[in-house]
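Student: Structure: my_file-v1.txt, compact mmCIF, C-alpha atoms and all ligand atoms.
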# COMPACT_ATOMS: atom_id res chain seq x y z
CA MET Y 1 18.61 -12.36 130.63
CA GLU Y 2 15.69 -10.72 132.40
CA ASN Y 3 12.40 -11.27 130.63
CA ARG Y 4 10.02 -8.37 131.34
CA PRO Y 5 6.56 -7.89 129.87
CA PRO Y 6 6.34 -5.03 127.35
CA ASP Y 7 4.72 -2.61 129.75
CA SER Y 8 6.96 -3.28 132.76
CA PRO Y 9 8.84 -0.21 133.98
CA ILE Y 10 12.54 0.35 133.24
CA ASP Y 11 14.49 1.29 136.40
CA ASN Y 12 17.02 4.08 136.57
CA GLU Y 13 20.36 3.87 138.43
CA GLU Y 14 18.71 4.44 141.80
CA GLY Y 15 16.21 1.71 141.07
CA HIS Y 16 13.28 4.09 140.50
CA SER Y 17 10.86 3.23 137.76
CA GLN Y 18 10.74 5.91 135.04
CA GLU Y 19 9.14 4.62 131.83
CA THR Y 20 7.73 1.40 130.42
CA ARG Y 21 9.50 -0.57 127.70
CA ARG Y 22 6.66 0.39 125.36
CA ASP Y 23 7.37 4.09 126.05
CA PHE Y 24 11.08 3.54 125.55
CA LEU Y 25 10.55 1.79 122.17
CA LYS Y 26 8.14 4.52 121.09
CA HIS Y 27 10.69 7.25 121.81
CA SER Y 28 13.55 5.33 120.13
CA SER Y 29 11.50 4.86 116.95
CA LEU Y 30 10.62 8.54 116.88
CA LEU Y 31 14.27 9.56 117.16
CA THR Y 32 15.33 7.10 114.46
CA ALA Y 33 12.59 8.36 112.14
CA TYR Y 34 13.72 11.91 112.87
CA ALA Y 35 17.30 11.15 111.88
CA LEU Y 36 16.16 9.64 108.55
CA SER Y 37 13.56 12.26 107.68
CA PRO Y 38 13.74 14.85 104.88
CA SER Y 39 13.93 18.46 106.03
CA SER Y 40 10.19 19.12 105.57
CA LEU Y 41 9.36 16.34 108.03
CA VAL Y 42 12.10 17.49 110.37
CA ASN Y 43 10.51 20.94 110.43
CA ALA Y 44 7.16 19.37 111.27
CA ALA Y 45 8.77 17.31 114.04
CA GLU Y 46 10.39 20.43 115.47
CA MET Y 47 7.01 22.17 115.55
CA ASN Y 48 5.58 19.18 117.35
CA GLY Y 49 8.05 19.51 120.18
CA LEU Y 50 10.83 17.01 119.36
CA ASN Y 51 13.28 19.92 119.37
CA PRO Y 52 16.76 18.46 118.65
CA PRO Y 53 19.84 20.62 119.19
CA GLN Y 54 20.40 23.08 116.31
CA ALA Y 55 23.23 22.09 113.99
CA ASP Y 56 26.09 24.56 113.77
CA THR Y 57 26.51 26.50 110.58
CA VAL Y 58 29.59 26.18 108.41
CA SER Y 59 31.20 29.00 106.40
CA ILE Y 60 31.67 28.33 102.71
CA HIS Y 61 33.05 30.45 99.88
CA ILE Y 62 31.51 29.86 96.50
CA ASP Y 63 31.22 31.61 93.18
CA ILE Y 64 27.60 31.77 92.11
CA ASN Y 65 26.94 32.99 88.58
CA GLY Y 66 30.18 34.97 88.59
CA THR Y 67 29.76 36.53 92.03
CA SER Y 68 31.95 35.41 94.89
CA ARG Y 69 29.92 34.74 98.06
CA THR Y 70 30.70 33.83 101.66
CA LEU Y 71 27.77 31.96 103.17
CA HIS Y 72 26.88 30.29 106.44
CA VAL Y 73 24.95 27.08 105.98
CA GLU Y 74 23.80 24.17 108.09
CA PRO Y 75 25.53 20.94 107.09
CA ARG Y 76 22.19 19.31 106.24
CA VAL Y 77 21.20 21.97 103.65
CA THR Y 78 21.28 20.86 100.02
CA LEU Y 79 22.67 23.05 97.27
CA LEU Y 80 19.13 23.25 95.88
CA ASP Y 81 17.69 24.65 99.11
CA LEU Y 82 20.61 27.04 99.46
CA LEU Y 83 19.96 28.42 95.98
CA ARG Y 84 16.20 28.66 96.27
CA GLU Y 85 15.62 29.53 99.92
CA GLN Y 86 18.72 31.45 100.98
CA LEU Y 87 19.75 33.12 97.71
CA ASP Y 88 16.34 33.49 95.99
CA LEU Y 89 17.66 31.85 92.82
CA THR Y 90 14.38 30.11 92.13
CA GLY Y 91 15.08 29.38 88.47
CA THR Y 92 16.49 26.05 89.62
CA LYS Y 93 13.39 23.95 90.25
CA LYS Y 94 12.54 21.37 92.87
CA GLY Y 95 10.64 18.52 91.26
CA CYS Y 96 11.20 15.33 93.21
CA ASP Y 97 14.00 16.35 95.62
CA TYR Y 98 15.62 12.91 95.37
CA GLY Y 99 17.46 12.69 92.07
CA GLN Y 100 14.71 11.39 89.83
CA CYS Y 101 13.53 14.26 87.61
CA GLY Y 102 16.48 16.52 86.68
CA ALA Y 103 14.56 19.75 87.35
CA CYS Y 104 17.29 20.91 89.74
CA THR Y 105 20.21 20.53 87.29
CA VAL Y 106 22.95 23.17 87.68
CA HIS Y 107 26.62 23.29 86.70
CA ILE Y 108 29.28 22.74 89.35
CA ASN Y 109 32.67 23.78 87.96
CA GLY Y 110 31.09 23.61 84.51
CA ILE Y 111 29.78 20.04 84.89
CA ARG Y 112 26.07 19.27 85.17
CA ALA Y 113 24.94 18.04 88.57
CA LEU Y 114 21.72 17.55 90.54
CA ALA Y 115 21.49 20.25 93.18
CA CYS Y 116 19.04 18.22 95.28
CA LEU Y 117 21.64 15.49 95.75
CA SER Y 118 24.53 17.82 96.60
CA PHE Y 119 25.09 19.29 100.04
CA ALA Y 120 25.85 23.01 100.06
CA VAL Y 121 28.88 22.54 102.35
CA MET Y 122 30.48 20.32 99.70
CA GLN Y 123 30.62 23.26 97.28
CA ASN Y 124 33.25 25.24 99.19
CA GLY Y 125 35.66 26.80 96.67
CA LYS Y 126 33.56 25.74 93.67
CA LYS Y 127 31.90 27.63 90.86
CA ILE Y 128 28.15 27.18 90.56
CA THR Y 129 26.19 28.25 87.49
CA THR Y 130 22.39 28.28 87.52
CA ILE Y 131 19.96 29.10 84.74
CA GLU Y 132 20.02 32.74 85.91
CA GLY Y 133 23.75 32.94 85.19
CA LEU Y 134 24.01 30.81 82.07
CA ALA Y 135 23.76 33.60 79.50
CA LYS Y 136 25.98 35.92 81.52
CA ALA Y 137 28.55 33.22 82.19
CA GLU Y 138 28.77 32.20 78.55
CA ALA Y 139 28.22 35.45 76.70
CA SER Y 140 30.61 37.70 78.62
CA GLY Y 141 27.93 39.80 80.22
CA SER Y 142 25.95 40.58 77.08
CA ALA Y 143 22.15 40.75 77.36
CA HIS Y 144 21.62 38.00 74.78
CA LEU Y 145 20.14 34.64 75.62
CA HIS Y 146 22.44 31.68 75.73
CA PRO Y 147 22.26 29.82 72.38
CA MET Y 148 20.54 26.89 74.11
CA GLN Y 149 17.86 29.17 75.58
CA ALA Y 150 17.24 30.69 72.15
CA ALA Y 151 17.06 27.22 70.55
CA PHE Y 152 14.52 26.01 73.12
CA ILE Y 153 12.30 28.97 72.24
CA LYS Y 154 12.75 28.45 68.51
CA HIS Y 155 11.89 24.73 68.66
CA ASP Y 156 9.13 24.86 71.29
CA GLY Y 157 11.20 22.81 73.70
CA PHE Y 158 8.77 23.44 76.54
CA GLN Y 159 5.13 23.85 77.45
CA CYS Y 160 4.56 24.68 81.12
CA GLY Y 161 8.26 25.44 81.54
CA TYR Y 162 8.75 23.81 84.94
CA CYS Y 163 11.39 21.35 83.74
CA THR Y 164 12.98 23.83 81.31
CA PRO Y 165 15.79 25.33 83.43
CA GLY Y 166 17.01 21.83 84.27
CA GLN Y 167 16.61 20.71 80.65
CA ILE Y 168 18.66 23.66 79.37
CA MET Y 169 21.45 23.20 81.94
CA SER Y 170 21.52 19.50 81.13
CA ALA Y 171 21.47 20.12 77.37
CA VAL Y 172 24.54 22.36 77.67
CA GLY Y 173 26.24 19.66 79.73
CA CYS Y 174 25.29 17.06 77.14
CA ILE Y 175 27.08 19.00 74.38
CA ARG Y 176 30.12 19.76 76.56
CA GLU Y 177 30.44 16.04 77.31
CA GLY Y 178 30.37 15.21 73.59
CA HIS Y 179 27.10 13.30 73.86
CA ALA Y 180 24.96 15.11 71.29
CA ASN Y 181 26.01 13.46 68.06
CA SER Y 182 22.67 11.87 67.10
CA ASP Y 183 19.02 11.92 68.12
CA ALA Y 184 19.48 8.61 69.92
CA GLU Y 185 22.51 9.85 71.82
CA ILE Y 186 20.78 13.10 72.81
CA LYS Y 187 17.73 11.16 74.05
CA GLU Y 188 19.92 8.81 76.06
CA TYR Y 189 22.04 11.51 77.67
CA MET Y 190 19.05 13.75 78.35
CA SER Y 191 17.03 10.88 79.81
CA GLY Y 192 17.66 12.05 83.38
CA ASN Y 193 15.50 15.12 82.68
CA ILE Y 194 11.80 14.34 82.79
CA CYS Y 195 9.24 16.53 81.02
CA ARG Y 196 5.67 15.88 82.10
CA CYS Y 197 4.43 17.98 79.18
CA GLY Y 198 6.21 15.70 76.72
CA ALA Y 199 8.17 18.42 74.91
CA TYR Y 200 10.90 15.94 74.07
CA GLU Y 201 10.83 16.40 70.29
CA GLY Y 202 11.49 20.12 70.53
CA ILE Y 203 14.17 19.55 73.14
CA VAL Y 204 16.07 17.13 70.89
CA GLU Y 205 15.78 19.58 67.96
CA ALA Y 206 17.12 22.41 70.12
CA VAL Y 207 20.12 20.41 71.34
CA LYS Y 208 20.84 19.24 67.79
CA GLU Y 209 20.73 22.75 66.40
CA VAL Y 210 23.13 24.14 68.99
CA LYS Y 211 25.48 21.20 68.53
CA GLN Y 212 25.43 21.46 64.74
CA GLY Y 213 25.75 25.24 64.85
CA GLY Y 214 29.08 24.76 66.57
CA GLN Y 215 28.46 27.58 69.03
CA LYS Y 216 30.56 27.59 72.15
CA VAL Y 217 28.52 26.43 75.10
S1 LIG U 301 14.57 17.85 92.18
FE1 LIG U 301 16.57 17.09 91.90
S2 LIG U 301 16.32 15.45 90.52
FE2 LIG U 301 14.29 16.06 90.96
S1 LIG U 302 7.55 21.82 79.86
FE1 LIG U 302 6.16 21.17 81.39
S2 LIG U 302 7.27 19.66 82.45
FE2 LIG U 302 8.51 20.09 80.74
Once more with this new file: its structure as structure tokens, please.
Tutor:
Amino acid sequence: MENRPPDSPIDNEEGHSQETRRDFLKHSSLLTAYALSPSSLVNAAEMNGLNPPQADTVSIHIDINGTSRTLHVEPRVTLLDLLREQLDLTGTKKGCDYGQCGACTVHINGIRALACLSFAVMQNGKKITTIEGLAKAEASGSAHLHPMQAAFIKHDGFQCGYCTPGQIMSAVGCIREGHANSDAEIKEYMSGNICRCGAYEGIVEAVKEVKQGGQKV
């Protein structure tokens, strides 16, 4: 095998030198990093001239908070970014964007899920409920808060409120799953939702009250 120094030129088919091995490795690393980058870095790379071909959009049909929608999304877009940036449903929060904090919790077909870890294109034909649609979805269009929202207010289950939409969606999921039978069980099954303000005591009390009240969630 030919053993060239790192800066020796690489020849093209006609034998003309075009770029050094060092240049070639530099470009390959950039492209690999691009492929593995989160969207914010990809945007920065695009602005810096890397300019990959635009991905095609895909049509999806989803029910969002009781309204049927046909949407065109790029395959790389997460459900969280679709909700927040395309549909202005900013009640669902972006905390970590990689499955660690629970701030982005929504319901997909009635089951809690992390919107930052779900691609939008995977939701075709599904029913998505966000915090904006929780009361409406569960209380047949009445203007009342969902029982879990009311319980969070009653028990001071929040301080700054950033984690609260995710906490409430998760708390409803916790009861639906049958995992709210004791303080310990509630803490365990709510442990994927982080609260930097430490409002955990109030959150547990709120979940317990709704569970014990036997309201339909
Ligand atoms: S934003 Fe999804 S888990 Fe943190
Ligand atoms: S209320 Fe502030 S992070 Fe939970």
Student: Restricting the calculation to only C-alpha atoms and all ligand atoms, which member of Y:Leu79, Y:Val172, Y:Val73, Y:Ala184 is positioned closest to ligand LIG 301 (chain U)?
Tutor: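 The closest residue to ligand LIG 301 (chain U) is Y:Leu79.
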Student: Find, counting all atoms listed in the file, the residue in Y:Ala103, Y:Lys154, Y:Gly125, Y:Tyr98 that gets nearest to Leu71 in chain Y.
Tutor: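 Distance minimum relative to Leu71 in chain Y lands on Y:Gly125.
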Student: Fewer than 6 positions away in the same chain doesn't count, so skip those; otherwise give me all residues within 6 Å of range 105-114 of chain Y, counting all atoms listed in the file, as a list in words.
Tutor: Lys127, Ile128, Thr129, Thr130, Gly166, Met169 and Gly173 of chain Y
Student: For ligand LIG 302 (chain U), collect every residue having any atom at a distance of at most 8 Å from a ligand atom (counting all atoms listed in the file); output as a list in words.
Tutor: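 Listed by chain and ascending number, the contacts are Gly157, Phe158, Gln159, Cys160, Gly161, Tyr162, Cys163, Thr164, Ile194, Cys195, Arg196, Cys197, Gly198 and Ala199 of chain Y.
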Student: Could the residues in this selection be written to a file with C-alpha atoms, as a JSON list (two decimals), in the coordinates of the input?
Tutor:
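Writing done, so here's out_29.json:
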[["chain", "number", "residue", "atom", "x", "y", "z"],
["Y", 157, "GLY", "CA", 11.20, 22.81, 73.70],
["Y", 158, "PHE", "CA", 8.77, 23.44, 76.54],
["Y", 159, "GLN", "CA", 5.13, 23.85, 77.45],
["Y", 160, "CYS", "CA", 4.56, 24.68, 81.12],
["Y", 161, "GLY", "CA", 8.26, 25.44, 81.54],
["Y", 162, "TYR", "CA", 8.75, 23.81, 84.94],
["Y", 163, "CYS", "CA", 11.39, 21.35, 83.74],
["Y", 164, "THR", "CA", 12.98, 23.83, 81.31],
["Y", 194, "ILE", "CA", 11.80, 14.34, 82.79],
["Y", 195, "CYS", "CA", 9.24, 16.53, 81.02],
["Y", 196, "ARG", "CA", 5.67, 15.88, 82.10],
["Y", 197, "CYS", "CA", 4.43, 17.98, 79.18],
["Y", 198, "GLY", "CA", 6.21, 15.70, 76.72],
["Y", 199, "ALA", "CA", 8.17, 18.42, 74.91]]
Student: So what do you get for CA of Gln149 in chain Y versus CA of Cys174 in chain Y, distance-wise?
Tutor: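 Atom-to-atom, CA of Gln149 in chain Y and CA of Cys174 in chain Y are spaced 14.3 Å apart.
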Student: Closest to ligand LIG 301 (chain U) among Y:Thr57, Y:Arg84, Y:Gly102, Y:Thr92, using all atoms listed in the file?
Tutor: Y:Gly102
Student: Check the smallest atom-to-atom distance from each of Y:Ser118, Y:Cys104, Y:Gly99, Y:Asn124 to Val58 in chain Y using only C-alpha atoms, then report the winner.
Tutor: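 Residue with the minimum atom-to-atom distance to Val58 in chain Y: Y:Asn124.
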Student: Give me, please, the distance in Å between CA of Val217 in chain Y and CA of Ala135 in chain Y, quoted to one decimal.
Tutor: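 Between CA of Val217 in chain Y and CA of Ala135 in chain Y the gap is 9.7 Å.
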Student: Give as a short mmCIF file (atom, residue, chain, number, x, y, z; two decimals) with C-alpha atoms, in the frame of the given file the set of residues within 12 Å of the point (25.7, 23.4, 103.5), where distances use the file's coordinates and all atoms listed in the file.
Tutor:
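Generated file (out-v7.cif):
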data_model
loop_
_atom_site.label_atom_id
_atom_site.label_comp_id
_atom_site.auth_asym_id
_atom_site.auth_seq_id
_atom_site.Cartn_x
_atom_site.Cartn_y
_atom_site.Cartn_z
CA ALA Y 55 23.23 22.09 113.99
CA ASP Y 56 26.09 24.56 113.77
CA THR Y 57 26.51 26.50 110.58
CA VAL Y 58 29.59 26.18 108.41
CA SER Y 59 31.20 29.00 106.40
CA ILE Y 60 31.67 28.33 102.71
CA HIS Y 61 33.05 30.45 99.88
CA ILE Y 62 31.51 29.86 96.50
CA THR Y 70 30.70 33.83 101.66
CA LEU Y 71 27.77 31.96 103.17
CA HIS Y 72 26.88 30.29 106.44
CA VAL Y 73 24.95 27.08 105.98
CA GLU Y 74 23.80 24.17 108.09
CA PRO Y 75 25.53 20.94 107.09
CA ARG Y 76 22.19 19.31 106.24
CA VAL Y 77 21.20 21.97 103.65
CA THR Y 78 21.28 20.86 100.02
CA LEU Y 79 22.67 23.05 97.27
CA LEU Y 80 19.13 23.25 95.88
CA ASP Y 81 17.69 24.65 99.11
CA LEU Y 82 20.61 27.04 99.46
CA LEU Y 83 19.96 28.42 95.98
CA GLN Y 86 18.72 31.45 100.98
CA ALA Y 115 21.49 20.25 93.18
CA CYS Y 116 19.04 18.22 95.28
CA LEU Y 117 21.64 15.49 95.75
CA SER Y 118 24.53 17.82 96.60
CA PHE Y 119 25.09 19.29 100.04
CA ALA Y 120 25.85 23.01 100.06
CA VAL Y 121 28.88 22.54 102.35
CA MET Y 122 30.48 20.32 99.70
CA GLN Y 123 30.62 23.26 97.28
CA ASN Y 124 33.25 25.24 99.19
#
